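Novice: As input, take query.pdb (PDB, C-alpha atoms, pLDDT in the B column):
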```pdb
ATOM      1  CA  MET O   1      49.686 150.444  96.545  1.00 51.00           C
ATOM      2  CA  ALA O   2      49.691 147.593  98.974  1.00 53.00           C
ATOM      3  CA  LYS O   3      50.590 145.240  96.180  1.00 53.00           C
ATOM      4  CA  LYS O   4      53.741 147.165  95.358  1.00 53.00           C
ATOM      5  CA  LYS O   5      54.942 147.006  98.962  1.00 51.00           C
ATOM      6  CA  THR O   6      54.382 143.262  98.968  1.00 50.00           C
ATOM      7  CA  LYS O   7      56.427 142.819  95.814  1.00 51.00           C
ATOM      8  CA  LYS O   8      59.257 144.918  97.256  1.00 51.00           C
ATOM      9  CA  SER O   9      59.229 142.951 100.490  1.00 50.00           C
ATOM     10  CA  THR O  10      59.229 139.703  98.502  1.00 50.00           C
ATOM     11  CA  ALA O  11      62.164 140.911  96.439  1.00 48.00           C
ATOM     12  CA  LYS O  12      64.019 141.900  99.589  1.00 51.00           C
ATOM     13  CA  SER O  13      63.386 138.481 101.148  1.00 50.00           C
ATOM     14  CA  LYS O  14      64.807 136.748  98.039  1.00 51.00           C
ATOM     15  CA  GLN O  15      68.029 138.790  98.156  1.00 53.00           C
ATOM     16  CA  PRO O  16      69.447 137.177 101.352  1.00 55.00           C
ATOM     17  CA  GLN O  17      68.658 133.721  99.954  1.00 59.00           C
ATOM     18  CA  LYS O  18      70.798 134.454  96.897  1.00 59.00           C
ATOM     19  CA  ASN O  19      73.742 135.428  99.139  1.00 62.00           C
ATOM     20  CA  GLN O  20      73.321 132.224 101.142  1.00 64.00           C
ATOM     21  CA  THR O  21      73.163 130.206  97.915  1.00 67.00           C
ATOM     22  CA  LYS O  22      76.407 131.820  96.716  1.00 73.00           C
ATOM     23  CA  LYS O  23      78.162 131.094 100.041  1.00 77.00           C
ATOM     24  CA  LEU O  24      77.256 127.387 100.075  1.00 76.00           C
ATOM     25  CA  PRO O  25      79.678 126.312  97.267  1.00 77.00           C
ATOM     26  CA  ILE O  26      82.457 128.310  98.929  1.00 78.00           C
ATOM     27  CA  ILE O  27      81.844 126.618 102.272  1.00 79.00           C
ATOM     28  CA  ILE O  28      81.713 123.179 100.623  1.00 80.00           C
ATOM     29  CA  GLY O  29      84.947 123.957  98.761  1.00 77.00           C
ATOM     30  CA  ILE O  30      86.696 124.971 101.987  1.00 80.00           C
ATOM     31  CA  ILE O  31      85.535 121.778 103.707  1.00 83.00           C
ATOM     32  CA  ILE O  32      86.786 119.623 100.807  1.00 83.00           C
ATOM     33  CA  VAL O  33      90.189 121.360 100.826  1.00 79.00           C
ATOM     34  CA  ALA O  34      90.443 120.859 104.618  1.00 78.00           C
ATOM     35  CA  ILE O  35      89.656 117.139 104.229  1.00 80.00           C
ATOM     36  CA  ILE O  36      92.295 116.752 101.498  1.00 75.00           C
ATOM     37  CA  ILE O  37      94.919 118.526 103.626  1.00 71.00           C
ATOM     38  CA  ALA O  38      94.093 116.343 106.646  1.00 70.00           C
ATOM     39  CA  ALA O  39      94.272 113.139 104.584  1.00 67.00           C
ATOM     40  CA  THR O  40      97.632 114.171 103.129  1.00 62.00           C
ATOM     41  CA  ALA O  41      99.026 114.940 106.586  1.00 58.00           C
ATOM     42  CA  ILE O  42      97.847 111.592 107.944  1.00 59.00           C
ATOM     43  CA  SER O  43      99.406 109.791 104.972  1.00 55.00           C
ATOM     44  CA  ILE O  44     102.748 111.535 105.473  1.00 55.00           C
ATOM     45  CA  VAL O  45     102.803 110.753 109.192  1.00 50.00           C
ATOM     46  CA  SER O  46     101.864 107.129 108.496  1.00 47.00           C
ATOM     47  CA  CYS O  47     104.615 106.696 105.885  1.00 44.00           C
ATOM     48  CA  THR O  48     107.188 108.293 108.187  1.00 43.00           C
ATOM     49  CA  SER O  49     106.151 106.041 111.061  1.00 47.00           C
ATOM     50  CA  GLN O  50     106.339 102.947 108.821  1.00 49.00           C
ATOM     51  CA  GLN O  51     109.804 103.938 107.595  1.00 53.00           C
ATOM     52  CA  ASN O  52     111.018 104.478 111.181  1.00 53.00           C
ATOM     53  CA  ARG O  53     109.786 101.002 112.193  1.00 55.00           C
ATOM     54  CA  ASN O  54     111.525  99.439 109.175  1.00 62.00           C
ATOM     55  CA  ASN O  55     114.763 101.321 109.882  1.00 68.00           C
ATOM     56  CA  GLU O  56     114.745 100.112 113.464  1.00 76.00           C
ATOM     57  CA  LEU O  57     114.638  96.467 112.338  1.00 84.00           C
ATOM     58  CA  CYS O  58     117.219  96.978 109.597  1.00 84.00           C
ATOM     59  CA  SER O  59     119.763  98.546 111.910  1.00 81.00           C
ATOM     60  CA  TYR O  60     120.439  95.274 113.763  1.00 84.00           C
ATOM     61  CA  GLN O  61     121.738  91.791 113.082  1.00 85.00           C
ATOM     62  CA  TRP O  62     119.250  89.504 114.852  1.00 90.00           C
ATOM     63  CA  ILE O  63     120.543  86.220 116.303  1.00 88.00           C
ATOM     64  CA  PRO O  64     118.550  83.375 117.869  1.00 89.00           C
ATOM     65  CA  SER O  65     119.130  83.269 121.613  1.00 87.00           C
ATOM     66  CA  THR O  66     116.437  80.980 123.058  1.00 88.00           C
ATOM     67  CA  ALA O  67     113.759  78.607 121.839  1.00 89.00           C
ATOM     68  CA  LYS O  68     110.727  76.817 123.229  1.00 92.00           C
ATOM     69  CA  ASN O  69     109.077  73.640 122.001  1.00 89.00           C
ATOM     70  CA  ALA O  70     105.335  73.137 121.485  1.00 88.00           C
ATOM     71  CA  SER O  71     104.924  72.393 125.220  1.00 90.00           C
ATOM     72  CA  GLY O  72     106.484  75.745 126.123  1.00 89.00           C
ATOM     73  CA  ASP O  73     109.655  74.169 127.518  1.00 90.00           C
ATOM     74  CA  GLU O  74     112.951  75.855 126.706  1.00 91.00           C
ATOM     75  CA  VAL O  75     115.179  73.763 124.431  1.00 87.00           C
ATOM     76  CA  GLU O  76     118.807  73.999 123.375  1.00 83.00           C
ATOM     77  CA  MET O  77     119.427  75.789 120.087  1.00 79.00           C
ATOM     78  CA  SER O  78     121.243  72.675 118.827  1.00 76.00           C
ATOM     79  CA  GLU O  79     117.825  70.985 118.771  1.00 78.00           C
ATOM     80  CA  ILE O  80     116.554  73.741 116.468  1.00 76.00           C
ATOM     81  CA  TYR O  81     119.580  73.467 114.210  1.00 72.00           C
ATOM     82  CA  ASN O  82     119.358  69.660 114.302  1.00 70.00           C
ATOM     83  CA  THR O  83     123.103  69.490 114.904  1.00 67.00           C
ATOM     84  CA  ASN O  84     125.497  68.925 117.789  1.00 62.00           C
ATOM     85  CA  TYR O  85     127.596  71.962 116.926  1.00 57.00           C
ATOM     86  CA  THR O  86     127.646  74.254 119.931  1.00 55.00           C
ATOM     87  CA  SER O  87     129.192  77.191 118.092  1.00 57.00           C
ATOM     88  CA  TYR O  88     126.636  77.200 115.287  1.00 64.00           C
ATOM     89  CA  GLN O  89     124.532  80.346 115.074  1.00 72.00           C
ATOM     90  CA  GLY O  90     121.612  81.314 112.842  1.00 80.00           C
ATOM     91  CA  SER O  91     120.552  84.818 111.834  1.00 86.00           C
ATOM     92  CA  LEU O  92     117.656  87.024 110.834  1.00 90.00           C
ATOM     93  CA  THR O  93     118.244  90.203 108.857  1.00 90.00           C
ATOM     94  CA  PHE O  94     115.920  92.863 107.519  1.00 92.00           C
ATOM     95  CA  ASN O  95     116.914  95.062 104.590  1.00 91.00           C
ATOM     96  CA  ASP O  96     115.895  98.628 103.700  1.00 87.00           C
ATOM     97  CA  ASP O  97     114.304  97.374 100.472  1.00 89.00           C
ATOM     98  CA  GLY O  98     111.621  95.436 102.397  1.00 90.00           C
ATOM     99  CA  ARG O  99     113.359  92.040 102.116  1.00 93.00           C
ATOM    100  CA  PHE O 100     114.455  89.707 104.900  1.00 92.00           C
ATOM    101  CA  SER O 101     116.705  86.683 105.250  1.00 90.00           C
ATOM    102  CA  LEU O 102     116.296  83.901 107.848  1.00 88.00           C
ATOM    103  CA  TRP O 103     119.071  81.349 108.353  1.00 84.00           C
ATOM    104  CA  LEU O 104     118.488  78.473 110.782  1.00 77.00           C
ATOM    105  CA  THR O 105     119.979  75.468 109.023  1.00 65.00           C
ATOM    106  CA  PRO O 106     123.524  74.083 109.382  1.00 61.00           C
ATOM    107  CA  GLY O 107     125.876  74.627 106.476  1.00 55.00           C
ATOM    108  CA  THR O 108     126.549  77.737 104.506  1.00 52.00           C
ATOM    109  CA  ALA O 109     124.093  80.606 104.391  1.00 50.00           C
ATOM    110  CA  ASP O 110     123.205  79.597 100.822  1.00 54.00           C
ATOM    111  CA  ASP O 111     122.116  76.106 101.954  1.00 58.00           C
ATOM    112  CA  GLY O 112     119.450  76.998 104.456  1.00 58.00           C
ATOM    113  CA  THR O 113     118.491  80.587 103.921  1.00 71.00           C
ATOM    114  CA  HIS O 114     114.827  81.461 103.717  1.00 82.00           C
ATOM    115  CA  THR O 115     114.177  84.807 102.062  1.00 89.00           C
ATOM    116  CA  GLY O 116     111.169  86.954 101.418  1.00 93.00           C
ATOM    117  CA  SER O 117     109.595  90.351 101.873  1.00 93.00           C
ATOM    118  CA  PHE O 118     108.186  91.896 105.010  1.00 92.00           C
ATOM    119  CA  THR O 119     105.805  94.590 106.169  1.00 89.00           C
ATOM    120  CA  VAL O 120     105.706  96.037 109.667  1.00 88.00           C
ATOM    121  CA  ASN O 121     101.985  95.972 110.460  1.00 84.00           C
ATOM    122  CA  SER O 122     102.211  97.608 113.861  1.00 82.00           C
ATOM    123  CA  ASP O 123     104.654  98.308 116.659  1.00 81.00           C
ATOM    124  CA  ASP O 124     104.551  94.647 117.662  1.00 87.00           C
ATOM    125  CA  GLU O 125     103.942  92.699 114.442  1.00 92.00           C
ATOM    126  CA  ILE O 126     105.789  91.939 111.199  1.00 92.00           C
ATOM    127  CA  GLU O 127     104.064  90.203 108.297  1.00 94.00           C
ATOM    128  CA  ALA O 128     106.644  87.978 106.554  1.00 93.00           C
ATOM    129  CA  TYR O 129     106.031  86.717 103.001  1.00 94.00           C
ATOM    130  CA  PHE O 130     108.465  83.940 102.085  1.00 91.00           C
ATOM    131  CA  ASP O 131     109.620  83.508  98.501  1.00 90.00           C
ATOM    132  CA  ASP O 132     108.176  79.963  98.478  1.00 87.00           C
ATOM    133  CA  GLY O 133     104.664  81.447  98.787  1.00 90.00           C
ATOM    134  CA  THR O 134     104.089  80.928 102.496  1.00 89.00           C
ATOM    135  CA  ASN O 135     103.610  83.714 104.974  1.00 91.00           C
ATOM    136  CA  THR O 136     103.657  84.133 108.729  1.00 92.00           C
ATOM    137  CA  THR O 137     103.702  86.744 111.431  1.00 94.00           C
ATOM    138  CA  PHE O 138     106.781  87.609 113.485  1.00 94.00           C
ATOM    139  CA  LYS O 139     106.202  89.260 116.860  1.00 95.00           C
ATOM    140  CA  ILE O 140     108.279  92.230 117.965  1.00 92.00           C
ATOM    141  CA  GLU O 141     109.106  92.441 121.648  1.00 92.00           C
ATOM    142  CA  ARG O 142     109.749  95.970 122.882  1.00 88.00           C
ATOM    143  CA  LYS O 143     111.479  97.436 125.892  1.00 88.00           C
ATOM    144  CA  ASN O 144     111.106 101.167 126.577  1.00 86.00           C
ATOM    145  CA  GLY O 145     109.578 101.569 123.117  1.00 82.00           C
ATOM    146  CA  ASN O 146     112.550 100.013 121.282  1.00 84.00           C
ATOM    147  CA  ALA O 147     112.605  96.631 119.540  1.00 86.00           C
ATOM    148  CA  ASN O 148     114.787  94.296 121.589  1.00 89.00           C
ATOM    149  CA  GLY O 149     113.534  90.926 120.371  1.00 92.00           C
ATOM    150  CA  ILE O 150     111.725  89.153 117.564  1.00 94.00           C
ATOM    151  CA  ILE O 151     109.782  85.949 118.109  1.00 94.00           C
ATOM    152  CA  ILE O 152     109.094  83.611 115.205  1.00 92.00           C
ATOM    153  CA  ASN O 153     107.460  80.198 114.876  1.00 89.00           C
ATOM    154  CA  TYR O 154     109.734  77.750 113.066  1.00 84.00           C
ATOM    155  CA  ASN O 155     109.185  73.977 112.708  1.00 82.00           C
ATOM    156  CA  ASP O 156     107.032  73.620 115.857  1.00 86.00           C
ATOM    157  CA  TYR O 157     109.383  75.859 117.866  1.00 90.00           C
ATOM    158  CA  GLU O 158     109.067  79.425 119.067  1.00 92.00           C
ATOM    159  CA  ILE O 159     112.435  81.086 118.556  1.00 92.00           C
ATOM    160  CA  TYR O 160     113.462  84.330 120.222  1.00 93.00           C
ATOM    161  CA  PHE O 161     115.935  86.529 118.333  1.00 91.00           C
ATOM    162  CA  SER O 162     117.870  89.278 120.067  1.00 90.00           C
ATOM    163  CA  HIS O 163     120.019  91.918 118.392  1.00 84.00           C
ATOM    164  CA  GLU O 164     123.758  92.365 118.522  1.00 73.00           C
TER     165      GLU O 164
END
```
Please re-express this file's structure in structure tokens.

Specialist:
Amino acid sequence: MAKKKTKKSTAKSKQPQKNQTKKLPIIIGIIIVAIIIAATAISIVSCTSQQNRNNELCSYQWIPSTAKNASGDEVEMSEIYNTNYTSYQGSLTFNDDGRFSLWLTPGTADDGTHTGSFTVNSDDEIEAYFDDGTNTTFKIERKNGNANGIIINYNDYEIYFSHE
């Protein structure tokens, strides 16, 4: 008779293990679904943030306002343009399609325009890929969280662009 009680107690002890074994795949499934939902939410927030940063740049016409030479001394913009024209003005524009246009050479916009694509890497950095195969980083200067200037390196000069 003692043997029968042992078998019943063994059978009873196996029963809770079966319930735990059945619950494990459900718990794993819930965890996987939670991870997928979290990843999707992060991706959506990231894309929205990226689009907002791009829109901010695209909403302005950027014009060069000051420049510094390699020594850090401020120079006249006419030195950058390599011309004596005082009314000459370059430009930097960003488009919604991820393209940009940089114009810092005298003549028509077709003569000295550098074009390419861009990616806003962070709140203070733009990666610029020129159509000629070169790339560089533009710095974004912010005031109260809004972009108010872009700094680029161009022919041994650091040029500061402000928006209109």

Novice: Separation of atom CA of O:Glu76 and atom CA of O:Trp103, in Å?

Specialist: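 Straight-line distance from atom CA of O:Glu76 to atom CA of O:Trp103 works out to 16.7 Å.
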
Novice: What is the distance between atom CA of O:Ile152 and atom CA of O:Ser59, in Å to one decimal?

Specialist: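 About the pair atom CA of O:Ile152 and atom CA of O:Ser59: they are 18.6 Å apart.
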
Novice: Would you translate the PyMOL selection byres ((chain O and resi 136) around 12) into the concrete set of residues it matches in this file, as number ranges by chain?

Specialist: O: 116-119, 125-135, 137-139, 151-154

Novice: How about saving the chosen residues, C-alpha atoms kept, as a PDB file, keeping the file's coordinate frame?

Specialist:
```pdb
ATOM      1  CA  GLY O 116     111.169  86.954 101.418  1.00 93.00           C
ATOM      2  CA  SER O 117     109.595  90.351 101.873  1.00 93.00           C
ATOM      3  CA  PHE O 118     108.186  91.896 105.010  1.00 92.00           C
ATOM      4  CA  THR O 119     105.805  94.590 106.169  1.00 89.00           C
ATOM      5  CA  GLU O 125     103.942  92.699 114.442  1.00 92.00           C
ATOM      6  CA  ILE O 126     105.789  91.939 111.199  1.00 92.00           C
ATOM      7  CA  GLU O 127     104.064  90.203 108.297  1.00 94.00           C
ATOM      8  CA  ALA O 128     106.644  87.978 106.554  1.00 93.00           C
ATOM      9  CA  TYR O 129     106.031  86.717 103.001  1.00 94.00           C
ATOM     10  CA  PHE O 130     108.465  83.940 102.085  1.00 91.00           C
ATOM     11  CA  ASP O 131     109.620  83.508  98.501  1.00 90.00           C
ATOM     12  CA  ASP O 132     108.176  79.963  98.478  1.00 87.00           C
ATOM     13  CA  GLY O 133     104.664  81.447  98.787  1.00 90.00           C
ATOM     14  CA  THR O 134     104.089  80.928 102.496  1.00 89.00           C
ATOM     15  CA  ASN O 135     103.610  83.714 104.974  1.00 91.00           C
ATOM     16  CA  THR O 137     103.702  86.744 111.431  1.00 94.00           C
ATOM     17  CA  PHE O 138     106.781  87.609 113.485  1.00 94.00           C
ATOM     18  CA  LYS O 139     106.202  89.260 116.860  1.00 95.00           C
ATOM     19  CA  ILE O 151     109.782  85.949 118.109  1.00 94.00           C
ATOM     20  CA  ILE O 152     109.094  83.611 115.205  1.00 92.00           C
ATOM     21  CA  ASN O 153     107.460  80.198 114.876  1.00 89.00           C
ATOM     22  CA  TYR O 154     109.734  77.750 113.066  1.00 84.00           C
TER      23      TYR O 154
END
```

Novice: Skip stretch 88-97 of chain O itself and residues of its chain fewer than 5 positions away, then list as a VMD selection string all residues within 7 Å of it, counting all atoms listed in the file.

Specialist: chain O and resid 55 57 to 58 61 to 64 102 to 104

Novice: In Å, how far is it from atom CA of O:Tyr157 to atom CA of O:Ser65?

Specialist: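 So the two atoms, atom CA of O:Tyr157 and atom CA of O:Ser65, lie 12.8 Å apart.
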
Novice: Compile the contact shell of O:Ala147 as an MDAnalysis selection string: residues with an atom at most 10 Å away, counting all atoms listed in the file, same-chain residues fewer than 2 positions apart removed.

Specialist: chainID O and resid 53 56:57 60 123:124 140:145 149:150 162:163

Novice: As a PDB file with C-alpha atoms, in the frame of the given file, please: the residues near O:Ser71 (cut-off 12 Å, all atoms listed in the file, same-chain neighbours under 4 positions excluded).

Specialist:
```
ATOM      1  CA  ALA O  67     113.759  78.607 121.839  1.00 89.00           C
ATOM      2  CA  VAL O  75     115.179  73.763 124.431  1.00 87.00           C
ATOM      3  CA  ASP O 156     107.032  73.620 115.857  1.00 86.00           C
ATOM      4  CA  TYR O 157     109.383  75.859 117.866  1.00 90.00           C
ATOM      5  CA  GLU O 158     109.067  79.425 119.067  1.00 92.00           C
TER       6      GLU O 158
END
```
